[in-house]
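For reference, structure.txt (compact mmCIF, C-alpha atoms):
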```txt
# COMPACT_ATOMS: atom_id res chain seq x y z
CA MET D 1 19.25 4.04 26.42
CA LYS D 2 16.62 2.39 28.59
CA LYS D 3 14.14 0.14 26.87
CA GLU D 4 11.06 1.80 28.38
CA SER D 5 11.94 5.20 27.00
CA VAL D 6 11.96 4.15 23.34
CA PRO D 7 8.16 4.48 22.75
CA TYR D 8 8.09 7.88 24.49
CA ILE D 9 10.90 9.33 22.41
CA SER D 10 9.62 7.96 19.12
CA VAL D 11 5.99 9.03 19.69
CA PHE D 12 7.15 12.51 20.67
CA LEU D 13 9.40 12.80 17.61
CA ILE D 14 6.66 11.58 15.27
CA CYS D 15 4.10 14.02 16.70
CA MET D 16 6.48 16.96 16.59
CA VAL D 17 7.60 16.30 13.01
CA LEU D 18 3.99 15.81 11.86
CA TRP D 19 2.99 19.08 13.54
CA LEU D 20 5.86 20.97 11.92
CA MET D 21 5.09 19.54 8.48
CA LEU D 22 1.37 20.24 8.69
CA THR D 23 1.70 23.82 9.91
CA ALA D 24 4.76 24.48 7.69
CA THR D 25 6.03 27.41 9.80
CA PHE D 26 8.70 27.96 12.46
CA ALA D 27 6.76 30.71 14.32
CA THR D 28 7.32 30.61 18.07
CA ASP D 29 3.68 30.25 19.14
CA GLU D 30 3.13 27.37 16.72
CA LEU D 31 6.26 25.67 18.06
CA ILE D 32 5.12 26.04 21.68
CA SER D 33 1.61 24.74 21.06
CA GLY D 34 3.03 21.86 19.01
CA PHE D 35 5.41 20.96 21.82
CA VAL D 36 2.62 20.97 24.43
CA ILE D 37 0.33 18.83 22.27
CA ALA D 38 3.13 16.41 21.44
CA VAL D 39 3.95 15.97 25.14
CA VAL D 40 0.28 15.36 26.03
CA VAL D 41 -0.23 12.85 23.22
CA CYS D 42 3.06 11.16 24.13
CA VAL D 43 2.15 10.77 27.82
CA ILE D 44 -1.30 9.36 27.02
CA THR D 45 -0.48 6.96 24.18
CA ALA D 46 3.12 5.85 24.66
CA PRO D 47 2.47 3.20 27.36
CA ARG D 48 0.16 1.44 24.89
CA MET D 49 2.54 1.60 21.90
CA GLN D 50 4.35 -1.64 22.65
CA ILE D 51 4.88 -2.14 18.92
CA LEU D 52 7.42 0.69 18.88
CA ASN D 53 9.75 -1.33 21.10
CA GLY D 54 11.07 -2.89 17.90
CA LEU D 55 12.74 0.35 16.85
CA ARG D 56 16.48 0.79 17.16
CA LEU D 57 17.17 4.38 18.10
CA HIS D 58 20.77 5.21 17.39
CA LEU D 59 22.68 7.52 15.10
CA GLY D 60 23.22 4.94 12.38
CA ALA D 61 19.47 4.45 12.00
CA PHE D 62 18.85 7.54 9.91
CA PRO D 63 21.06 6.64 6.92
CA GLY D 64 19.62 3.14 7.23
CA VAL D 65 16.12 4.54 6.76
CA LEU D 66 17.26 6.55 3.74
CA ALA D 67 19.00 3.56 2.13
CA TYR D 68 15.91 1.45 2.74
CA LEU D 69 13.67 4.10 1.15
CA PHE D 70 15.80 4.32 -1.98
CA TYR D 71 15.98 0.56 -2.39
CA PHE D 72 12.22 0.40 -1.79
CA LEU D 73 11.48 2.99 -4.49
CA TYR D 74 13.72 1.13 -6.94
CA ALA D 75 11.91 -2.14 -6.17
CA LEU D 76 8.51 -0.45 -6.56
CA LEU D 77 9.48 0.94 -9.97
CA LYS D 78 10.74 -2.46 -11.08
CA ALA D 79 7.53 -4.09 -9.85
CA ASN D 80 5.38 -1.73 -11.82
CA LEU D 81 7.30 -2.15 -15.07
CA ASP D 82 7.03 -5.91 -14.61
CA LEU D 83 3.31 -5.56 -13.92
CA ALA D 84 2.80 -3.32 -16.95
CA LYS D 85 4.37 -6.00 -19.14
CA ARG D 86 2.02 -8.59 -17.73
CA VAL D 87 -1.14 -6.51 -17.92
CA LEU D 88 -0.61 -5.26 -21.47
CA SER D 89 0.47 -8.57 -23.03
CA ARG D 90 -2.31 -10.34 -24.87
CA ASN D 91 -2.32 -13.62 -22.94
CA MET D 92 -1.23 -12.76 -19.43
CA HIS D 93 1.73 -14.86 -18.29
CA ILE D 94 0.59 -15.58 -14.77
CA HIS D 95 0.82 -18.72 -12.65
CA PRO D 96 -0.47 -17.59 -9.26
CA GLN D 97 0.31 -19.66 -6.20
CA MET D 98 0.42 -19.36 -2.43
CA VAL D 99 3.85 -19.94 -0.91
CA GLU D 100 4.90 -19.88 2.72
CA ILE D 101 8.21 -18.20 3.58
CA LYS D 102 10.16 -17.81 6.78
CA THR D 103 11.41 -14.51 8.08
CA SER D 104 14.10 -13.73 10.63
CA MET D 105 12.60 -10.44 11.79
CA GLN D 106 11.83 -10.67 15.52
CA SER D 107 9.67 -7.67 16.42
CA ASP D 108 6.14 -6.97 15.20
CA LEU D 109 7.23 -3.68 13.70
CA GLY D 110 9.87 -5.42 11.61
CA LYS D 111 7.29 -7.89 10.33
CA LEU D 112 4.97 -5.01 9.48
CA PHE D 113 7.65 -3.25 7.44
CA LEU D 114 8.67 -6.49 5.78
CA ALA D 115 5.05 -7.34 4.87
CA ASN D 116 4.54 -3.86 3.44
CA SER D 117 7.70 -4.15 1.37
CA ILE D 118 6.71 -7.56 0.09
CA THR D 119 3.28 -6.28 -0.92
CA LEU D 120 4.76 -3.48 -2.99
CA THR D 121 7.50 -5.45 -4.76
CA PRO D 122 7.44 -7.55 -7.93
CA GLY D 123 4.53 -9.91 -8.15
CA THR D 124 4.02 -10.71 -4.48
CA LEU D 125 1.30 -9.96 -1.92
CA THR D 126 1.42 -10.74 1.80
CA VAL D 127 -1.75 -12.59 2.76
CA ASP D 128 -1.21 -13.75 6.33
CA VAL D 129 1.36 -13.52 9.11
CA ASN D 130 1.77 -16.29 11.70
CA ASP D 131 4.67 -15.95 14.16
CA ASP D 132 7.66 -16.09 11.84
CA LYS D 133 5.90 -17.44 8.75
CA LEU D 134 4.54 -15.19 6.04
CA LEU D 135 1.94 -16.48 3.59
CA VAL D 136 2.64 -14.87 0.24
CA HIS D 137 0.58 -14.89 -2.92
CA TRP D 138 2.99 -15.01 -5.84
CA ILE D 139 1.75 -14.03 -9.27
CA ASP D 140 4.29 -16.01 -11.30
CA CYS D 141 5.46 -19.07 -9.41
CA PRO D 142 8.02 -21.17 -11.33
CA GLU D 143 7.23 -24.89 -11.41
CA GLY D 144 8.90 -26.95 -8.70
CA ALA D 145 11.07 -24.28 -7.13
CA ASP D 146 12.56 -25.11 -3.73
CA MET D 147 11.81 -23.22 -0.54
CA LYS D 148 15.21 -21.68 0.11
CA LYS D 149 15.44 -20.11 -3.30
CA ILE D 150 11.90 -18.74 -3.04
CA THR D 151 12.62 -17.14 0.32
CA GLY D 152 15.79 -15.53 -0.94
CA GLU D 153 14.10 -14.31 -4.05
CA ILE D 154 11.12 -12.71 -2.34
CA ILE D 155 12.66 -11.22 0.78
CA GLY D 156 15.84 -10.41 -1.11
CA GLN D 157 17.72 -7.44 0.18
CA PHE D 158 14.90 -6.11 2.34
CA GLU D 159 15.85 -7.84 5.57
CA LYS D 160 19.40 -6.56 5.29
CA TYR D 161 18.22 -2.97 4.94
CA LEU D 162 15.47 -3.27 7.55
CA LYS D 163 17.75 -4.71 10.21
CA ARG D 164 19.62 -1.45 10.38
CA PHE D 165 16.73 0.33 12.08
CA VAL D 166 14.27 -2.30 13.37
CA LYS D 167 14.84 -5.49 15.31
CA MET A 1 2.29 22.36 -19.87
CA MET A 2 -1.38 23.00 -19.24
CA VAL A 3 -2.09 20.51 -22.04
CA LEU A 4 -0.01 17.86 -20.25
CA GLN A 5 -1.87 18.47 -17.02
CA ILE A 6 -5.25 18.20 -18.73
CA ILE A 7 -4.18 14.96 -20.45
CA ALA A 8 -3.08 13.57 -17.08
CA PHE A 9 -6.39 14.53 -15.50
CA THR A 10 -8.28 12.85 -18.37
CA LEU A 11 -6.27 9.66 -17.89
CA ILE A 12 -7.11 9.64 -14.17
CA ALA A 13 -10.79 10.13 -14.99
CA MET A 14 -10.62 7.20 -17.42
CA ALA A 15 -9.00 5.07 -14.73
CA ALA A 16 -11.75 6.01 -12.27
CA SER A 17 -14.43 5.02 -14.78
CA PHE A 18 -12.72 1.66 -15.43
CA VAL A 19 -12.60 0.94 -11.71
CA LEU A 20 -16.23 1.99 -11.47
CA LEU A 21 -17.06 -0.57 -14.18
CA ARG A 22 -15.45 -3.28 -12.04
CA LEU A 23 -17.37 -1.95 -9.04
CA VAL A 24 -20.72 -2.20 -10.83
CA PHE A 25 -20.25 -5.43 -12.82
CA GLY A 26 -17.86 -7.23 -10.47
CA PRO A 27 -18.99 -10.86 -10.37
CA THR A 28 -18.38 -11.34 -6.64
CA THR A 29 -18.52 -9.24 -3.49
CA GLU A 30 -14.75 -9.48 -3.13
CA ASP A 31 -14.16 -7.75 -6.45
CA ARG A 32 -16.42 -4.91 -5.38
CA ILE A 33 -14.53 -4.40 -2.12
CA VAL A 34 -11.17 -4.39 -3.91
CA SER A 35 -12.34 -1.89 -6.48
CA ALA A 36 -13.81 0.32 -3.76
CA ASP A 37 -10.37 0.34 -2.13
CA ALA A 38 -8.68 1.34 -5.40
CA LEU A 39 -11.38 3.94 -6.05
CA ALA A 40 -10.76 5.59 -2.67
CA LEU A 41 -7.06 5.96 -3.52
CA ILE A 42 -7.94 7.42 -6.93
CA ALA A 43 -10.34 9.87 -5.25
CA THR A 44 -7.45 11.05 -3.06
CA VAL A 45 -5.38 11.64 -6.21
CA VAL A 46 -8.26 13.53 -7.81
CA LEU A 47 -8.49 15.79 -4.75
CA LEU A 48 -4.75 16.50 -5.05
CA CYS A 49 -5.20 17.40 -8.72
CA LEU A 50 -8.12 19.69 -7.84
CA SER A 51 -5.94 21.53 -5.35
CA MET A 52 -3.42 22.00 -8.15
CA PHE A 53 -5.98 23.32 -10.63
CA PHE A 54 -7.71 25.70 -8.21
CA GLU A 55 -4.38 26.68 -6.58
CA SER A 56 -5.85 26.33 -3.10
CA SER A 57 -4.20 24.26 -0.41
CA LEU A 58 -7.52 23.60 1.34
CA TYR A 59 -8.06 20.55 -0.85
CA LEU A 60 -4.86 19.01 0.53
CA ASP A 61 -6.40 18.78 4.00
CA ILE A 62 -9.50 17.18 2.51
CA ALA A 63 -7.32 14.66 0.66
CA LEU A 64 -5.45 13.76 3.87
CA VAL A 65 -8.66 13.26 5.86
CA TYR A 66 -10.24 11.31 3.00
CA SER A 67 -7.31 8.90 2.80
CA VAL A 68 -7.39 8.36 6.58
CA LEU A 69 -11.12 7.66 6.52
CA SER A 70 -10.91 5.26 3.56
CA PHE A 71 -8.12 3.31 5.29
CA VAL A 72 -10.17 2.98 8.48
CA GLY A 73 -13.22 1.94 6.47
CA ILE A 74 -11.41 -0.78 4.52
CA VAL A 75 -9.78 -2.24 7.65
CA ALA A 76 -13.14 -2.24 9.44
CA LEU A 77 -14.68 -4.07 6.48
CA ALA A 78 -11.91 -6.68 6.58
CA LYS A 79 -12.46 -7.14 10.34
CA VAL A 80 -16.20 -7.65 9.79
CA ILE A 81 -15.58 -10.35 7.17
CA GLU A 82 -13.07 -12.12 9.42
CA SER A 83 -15.32 -12.01 12.49
CA LYS A 84 -18.18 -13.46 10.43
CA VAL A 85 -15.94 -16.35 9.37
CA SER A 86 -14.64 -17.05 12.88
CA SER A 87 -18.14 -16.99 14.42
CA ALA A 88 -19.35 -19.41 11.73
CA GLU A 89 -16.45 -21.72 12.62
CA LYS A 90 -17.42 -21.61 16.29
CA GLU A 91 -20.99 -22.59 15.47
CA ASP A 92 -19.71 -25.45 13.35
CA LYS A 93 -17.71 -26.74 16.28
CA LYS A 94 -20.71 -26.54 18.62
CA SER A 95 -23.10 -28.43 16.36
CA MET F 1 10.76 24.84 -16.33
CA MET F 2 9.80 23.49 -12.90
CA SER F 3 6.22 23.42 -14.10
CA LEU F 4 7.18 21.35 -17.15
CA ILE F 5 9.02 18.76 -15.04
CA GLY F 6 6.05 18.63 -12.68
CA SER F 7 3.63 18.09 -15.55
CA ILE F 8 5.73 15.23 -16.89
CA PHE F 9 5.75 13.55 -13.45
CA LEU F 10 1.99 14.08 -13.25
CA LEU F 11 1.54 12.42 -16.64
CA ILE F 12 3.68 9.42 -15.62
CA GLY F 13 1.64 9.01 -12.44
CA ALA F 14 -1.62 9.22 -14.37
CA ILE F 15 -0.40 6.58 -16.83
CA PHE F 16 0.40 4.20 -13.96
CA ILE F 17 -3.03 4.79 -12.39
CA LEU F 18 -4.65 4.01 -15.73
CA LEU F 19 -2.52 0.86 -15.94
CA GLY F 20 -3.79 -0.20 -12.53
CA ALA F 21 -7.38 0.33 -13.60
CA VAL F 22 -6.88 -1.70 -16.79
CA GLY F 23 -5.26 -4.45 -14.76
CA LEU F 24 -8.19 -4.40 -12.35
CA LEU F 25 -10.47 -5.02 -15.34
CA ARG F 26 -8.34 -7.70 -17.01
CA MET F 27 -6.97 -9.87 -14.20
CA PRO F 28 -8.75 -13.17 -13.61
CA ASP F 29 -9.11 -13.44 -9.84
CA VAL F 30 -9.37 -11.41 -6.65
CA TYR F 31 -5.78 -11.74 -5.39
CA ASN F 32 -4.28 -10.69 -8.71
CA ARG F 33 -6.64 -7.75 -8.81
CA ILE F 34 -5.56 -6.69 -5.31
CA GLN F 35 -1.92 -6.86 -6.43
CA VAL F 36 -2.41 -4.77 -9.55
CA GLY F 37 -4.70 -2.28 -7.84
CA THR F 38 -2.37 -1.69 -4.91
CA LYS F 39 0.96 -1.51 -6.71
CA ALA F 40 0.11 0.50 -9.79
CA VAL F 41 -2.17 2.97 -8.03
CA THR F 42 0.39 3.53 -5.25
CA LEU F 43 3.17 4.29 -7.73
CA GLY F 44 0.75 6.56 -9.61
CA THR F 45 0.06 8.44 -6.39
CA ILE F 46 3.80 8.90 -5.84
CA GLY F 47 4.13 10.29 -9.36
CA VAL F 48 1.24 12.72 -8.95
CA VAL F 49 2.48 13.96 -5.55
CA VAL F 50 6.02 14.53 -6.86
CA GLY F 51 4.58 16.37 -9.84
CA ILE F 52 2.52 18.68 -7.62
CA ILE F 53 5.59 19.30 -5.44
CA PHE F 54 7.40 20.53 -8.57
CA ILE F 55 4.47 22.68 -9.67
CA HIS F 56 3.68 24.22 -6.25
CA PRO F 57 6.90 23.98 -4.19
CA GLN F 58 5.40 25.89 -1.24
CA TRP F 59 3.18 22.89 -0.32
CA TRP F 60 5.93 20.30 -0.12
CA SER F 61 5.58 19.44 3.58
CA LYS F 62 1.86 18.72 3.50
CA LEU F 63 2.19 16.73 0.29
CA LEU F 64 4.98 14.67 1.85
CA VAL F 65 2.72 13.87 4.81
CA ILE F 66 0.02 12.64 2.42
CA LEU F 67 2.60 10.61 0.46
CA GLY F 68 3.97 8.98 3.60
CA PHE F 69 0.52 8.12 4.84
CA VAL F 70 -0.50 6.54 1.52
CA LEU F 71 2.76 4.58 1.31
CA LEU F 72 2.29 3.25 4.84
CA THR F 73 -1.42 2.40 4.71
CA SER F 74 -2.25 1.20 1.21
CA PRO F 75 -0.28 -2.09 1.53
CA VAL F 76 -1.69 -2.61 5.04
CA SER F 77 -5.28 -2.24 3.87
CA SER F 78 -4.82 -4.49 0.84
CA SER F 79 -3.11 -7.09 3.02
CA ALA F 80 -5.98 -6.92 5.53
CA ILE F 81 -8.58 -7.47 2.82
CA SER F 82 -6.68 -10.34 1.25
CA ARG F 83 -6.28 -12.01 4.65
CA ALA F 84 -10.03 -11.71 5.25
CA PHE F 85 -10.73 -13.23 1.83
CA TYR F 86 -8.22 -16.02 2.41
CA ARG F 87 -9.79 -16.94 5.75
CA SER F 88 -13.28 -16.82 4.30
CA GLY F 89 -12.21 -19.43 1.75
CA THR F 90 -11.63 -17.66 -1.56
CA LYS F 91 -9.56 -19.97 -3.73
CA VAL F 92 -6.51 -19.06 -5.78
CA TRP F 93 -7.08 -19.08 -9.53
CA HIS F 94 -5.17 -21.56 -11.69
CA LYS F 95 -4.90 -21.61 -15.41
CA LYS F 96 -5.67 -25.30 -15.81
CA ARG F 97 -8.70 -25.29 -13.58
CA LEU F 98 -10.36 -22.60 -15.64
CA ALA F 99 -10.79 -24.80 -18.71
CA LYS F 100 -12.59 -27.51 -16.78
CA THR F 101 -14.88 -25.47 -14.60
CA LYS F 102 -15.71 -22.49 -16.73
CA PRO F 103 -19.50 -22.83 -16.68
CA GLU F 104 -19.48 -23.24 -12.92
CA GLN F 105 -17.27 -20.26 -12.34
CA LYS F 106 -19.57 -17.91 -14.16
CA GLY F 107 -22.34 -18.50 -11.68
CA ARG F 108 -20.04 -18.54 -8.71
CA ALA F 109 -22.31 -16.69 -6.33
CA LYS F 110 -20.88 -17.44 -2.92
CA GLU F 111 -23.49 -15.81 -0.78
```

Could you express the structure from this file as structure tokens?
Amino acid sequence: MKKESVPYISVFLICMVLWLMLTATFATDELISGFVIAVVVCVITAPRMQILNGLRLHLGAFPGVLAYLFYFLYALLKANLDLAKRVLSRNMHIHPQMVEIKTSMQSDLGKLFLANSITLTPGTLTVDVNDDKLLVHWIDCPEGADMKKITGEIIGQFEKYLKRFVK
Amino acid sequence: MMVLQIIAFTLIAMAASFVLLRLVFGPTTEDRIVSADALALIATVVLLCLSMFFESSLYLDIALVYSVLSFVGIVALAKVIESKVSSAEKEDKKS
Amino acid sequence: MMSLIGSIFLLIGAIFILLGAVGLLRMPDVYNRIQVGTKAVTLGTIGVVVGIIFIHPQWWSKLLVILGFVLLTSPVSSSAISRAFYRSGTKVWHKKRLAKTKPEQKGRAKE
């Protein structure tokens, strides 16, 4: 697949799926109007959507997205139980600190997904993104931990799952 | 079942009032912005619950548009704060 | 039966939203408040949406659109705010510093 066609295909697919979900019918006239609108939106906006170049469009991407979503939900649940423990305990066990971690995601879209995942997982919040460094606010930083362990602990499995559908 | 739903709605109302407390008494401007963000998300949830109680899917559209607008508003606010900081830095460099 | 499952999901979501609100009241500084507010309220939204999907199954597609939008944008907006605060010089709270500078921190009016 050519590189230039990736934004067109993905914008068209996103528009079409959104249209189908919002109208919630498969009537022919709705389908035709949705198709026309999706094509118009795609032609106008796709040349400016350079961020979508980070997507990998192939057949293995779909199960990758599903696996990522399930892992993400599990991490979110874990984060909230952890947070509940902290909020409801009498003296909150928190040692907040800013740490800088390195990521190996190359595209902007990958960094966006990674930052979102970090924000919604146990005790961490993405504050800033510079090139390949993420500034992360960590709610419970252990004393004197080394960089490599921190990176592994925060990013964890996310990069492995993300690399199946973004660069 | 109805009892469970009413309890859930009461809990959400309590949460909204707590966030409102932080919005009114927040010691700094930052706290107020954060609580406004959380309050917008809670308002979306309240709209969803209203659509469930009145059994009308019109409220779902309102919830969708409300969440879009609150997201745009918060990002615009963040941009304003950042541009203020960067312009202050430029003036520092000039003087 | 479906309605009962939906109500239970709704209750779980509401409990997490309440937890987020309590955390917003109790946490000591802005970054921690952003964390609690974003995470707990987002999970609460997921719970409420899943509950409403069980109660009114004919609305599932629209509810899923709302859920996807909230999941995608709420971390982005909280990250944008925290970056703005970080660049405008809001400091990170430490436990030890609080004991020394408590009287100052009460009147910490930045602007």

So what do you get for atom CA of A:Lys79 versus atom CA of F:Lys39, distance-wise? 22.4 Å

Separation of atom CA of F:Phe9 from atom CA of F:Gly47, in Å and rounded to one decimal: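 Taking atom CA of F:Phe9 as the start and atom CA of F:Gly47 as the end point, the length is 5.5 Å.
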
Starting from the point (-3.4, 21.2, -6.4), work out which residues of protein, DNA or RNA have an atom no more than 12 Å away when counting only C-alpha atoms; state them as an MDAnalysis selection string. (chainID A and resid 5 9 44:63) or (chainID F and resid 6:7 10 48:60 62:63)

What does the distance between atom CA of F:Lys91 and atom CA of D:Ile155 come to in Å, to one decimal place? 24.3 Å

Within 7 Å of chain F: residues of chain D, using all atoms listed in the file, as a compact mmCIF listing (two decimals) with C-alpha atoms, in the frame of the given file:
```
# COMPACT_ATOMS: atom_id res chain seq x y z
CA MET D 21 5.09 19.54 8.48
CA LEU D 22 1.37 20.24 8.69
CA ALA D 24 4.76 24.48 7.69
CA ASN D 80 5.38 -1.73 -11.82
CA ALA D 84 2.80 -3.32 -16.95
CA VAL D 87 -1.14 -6.51 -17.92
CA HIS D 95 0.82 -18.72 -12.65
CA PRO D 96 -0.47 -17.59 -9.26
CA GLN D 97 0.31 -19.66 -6.20
CA ASN D 116 4.54 -3.86 3.44
CA THR D 119 3.28 -6.28 -0.92
CA LEU D 120 4.76 -3.48 -2.99
CA LEU D 125 1.30 -9.96 -1.92
CA THR D 126 1.42 -10.74 1.80
CA VAL D 127 -1.75 -12.59 2.76
CA ASP D 128 -1.21 -13.75 6.33
CA ILE D 139 1.75 -14.03 -9.27
```
